[in-house]
Amino acid sequence: KRVSQETKSFWYPQVATLEETMRCLIEDQASIARFGDGEFEAMQGRSRHKFQTIIDENLADRLKEVLESDENNFLIAIADNYGSLASYTNQAKREIRHYMTRSVRLEHLDLLKKDRIYYNAYITRPYVMYKDHFTNAPAIRFERIKQIWSGRKCVFVEGSMTGMGVGNDLFQNADSIQRILVPAENAYSKYNQILAACLNQPKSNLFLLAVGPTATVLAYDLHHAGYQAVDVGHIDLEYEWFLKDEGCRTSIDKKYNNEVAGGETPQAIEDKEYFDQIIADFSQI
């Protein structure tokens, strides 16, 4: 049900800076759940991205539960789309304005709280959308982000065609990597199995999640169970684009990419180290 435009007024949510968000993740070892357009659409009973096409009332309810939660050391992050867009490229501004219509903006504000400070969901988008992407600023942001997993034993929960870190050095400073593979699309259909596999891991492990809206709920449940869980979204693709240094999104061989044409059918990953790191595979629907 859409929010009545006659009875609601606009306001700007408070969104922390990228640096403050990263400080909490690195120094406080906080967990984070990110809410972007896909999560807000799911809460409205709509589908926006190909990695979650099934309308699922339980997923919508769980997302609302997470968004409304107020847990110590658990960050609720939203995209910094509501106020000034001055730091973004013209392309990014167009994309944000195209999505953030009056009715959509009011839907978001109906779910958010004026007196709450949200954290910045764009920590996982440090390159393409910023107009400083041809300076050394993205490199500095990536080096800061890498500190989240520096020296940590990591468990990736990712789609079967995501391949985070395969072919690049993004996670080279991690102590170790293990992988739990989930369906590339509609991963929430396997949520109970995914969560159970995660809960078998030592509490000292850091979970890095790249599974669309499922990651938002999973980060919350893992935090409750005593883990640090970070919803890293498109961070690996952003790093690949950063390495290409073209200032735009491009297809990446052997990596699922819902943001470029044909990106949903990448070539199969052929990397022995990658396969050796898989500890559970729930990727078959």
# chains A, B, ... in the order shown; residues from 1 in each chain; ligands from 1
>>> select_by_dssp(residues="segment 4-107 of chain A", states="helix (DSSP H, G or I)", output="NGL selection string")
:A and (18-27 or 37-43 or 57-68 or 90-99 or 102-107)
>>> residues_around(residues="Tyr274 of chain A", least_positions_apart="6", cutoff="10 Å", atoms="only C-alpha atoms", output="VMD selection string")
chain A and resid 163 to 167 177 to 179
>>> closest_atom_pairs(of="segment 209-256 of chain A", to="segment 128-132 of chain A", cutoff="8 Å", atoms="only C-alpha atoms", output="Markdown table")
| residue | atom | partner | partner_atom | distance |
| --- | --- | --- | --- | --- |
| A:Glu238 | CA | A:Val128 | CA | 7.0 |
| A:Trp241 | CA | A:Val128 | CA | 7.4 |
| A:Phe242 | CA | A:Val128 | CA | 7.5 |
| A:Gly247 | CA | A:Val128 | CA | 5.7 |
| A:Cys248 | CA | A:Val128 | CA | 5.6 |
| A:Arg249 | CA | A:Val128 | CA | 6.9 |
>>> write_last_selection(atoms="C-alpha atoms", output="JSON list (two decimals), in the first residue's frame")
[["chain", "number", "residue", "atom", "x", "y", "z"],
["A", 238, "GLU", "CA", 33.41, -2.37, -7.43],
["A", 241, "TRP", "CA", 35.87, -1.85, -11.85],
["A", 242, "PHE", "CA", 38.37, 0.17, -9.83],
["A", 247, "GLY", "CA", 35.08, 4.96, -14.30],
["A", 248, "CYS", "CA", 32.06, 2.85, -15.20],
["A", 249, "ARG", "CA", 30.43, -0.54, -14.72]]
>>> residues_around(residues="Asp221 of chain A", least_positions_apart="3", cutoff="12 Å", atoms="only C-alpha atoms", output="compact mmCIF listing (two decimals) with C-alpha atoms, in the first residue's frame")
# COMPACT_ATOMS: atom_id res chain seq x y z
CA SER A 31 28.01 -5.81 12.28
CA ILE A 32 26.09 -4.06 9.53
CA ALA A 33 22.90 -4.62 7.54
CA ARG A 62 12.11 -9.95 8.53
CA LEU A 63 13.53 -6.92 6.69
CA GLU A 65 12.17 -6.32 11.84
CA VAL A 66 15.83 -5.61 11.09
CA SER A 69 15.82 -3.02 15.48
CA GLU A 71 20.89 -3.37 18.87
CA PHE A 74 24.67 -3.44 15.02
CA TYR A 191 17.63 -19.38 4.44
CA ASN A 192 17.28 -21.96 7.20
CA ILE A 194 22.29 -21.22 5.18
CA LEU A 195 21.87 -19.93 8.72
CA ALA A 196 22.42 -23.40 10.22
CA CYS A 198 26.86 -20.37 9.50
CA LEU A 199 26.08 -21.19 13.12
CA PHE A 207 31.20 -13.28 8.05
CA THR A 214 19.05 -12.21 2.30
CA ALA A 215 22.30 -10.70 3.60
CA THR A 216 20.39 -8.01 5.48
CA VAL A 217 18.47 -10.58 7.52
CA LEU A 218 21.44 -12.93 7.87
CA HIS A 224 22.37 -12.00 17.60
CA ALA A 225 24.29 -15.28 17.70
CA GLY A 226 27.51 -13.47 18.67
CA TYR A 227 29.30 -13.09 15.32
CA GLN A 228 30.51 -10.06 13.43
CA ALA A 229 28.72 -10.05 10.09
CA VAL A 230 29.27 -7.48 7.36
>>> closest_residue(among="A:Gln29, A:Asn72, A:Ser9, A:Asn58", to="Arg152 of chain A", atoms="only C-alpha atoms")
A:Gln29
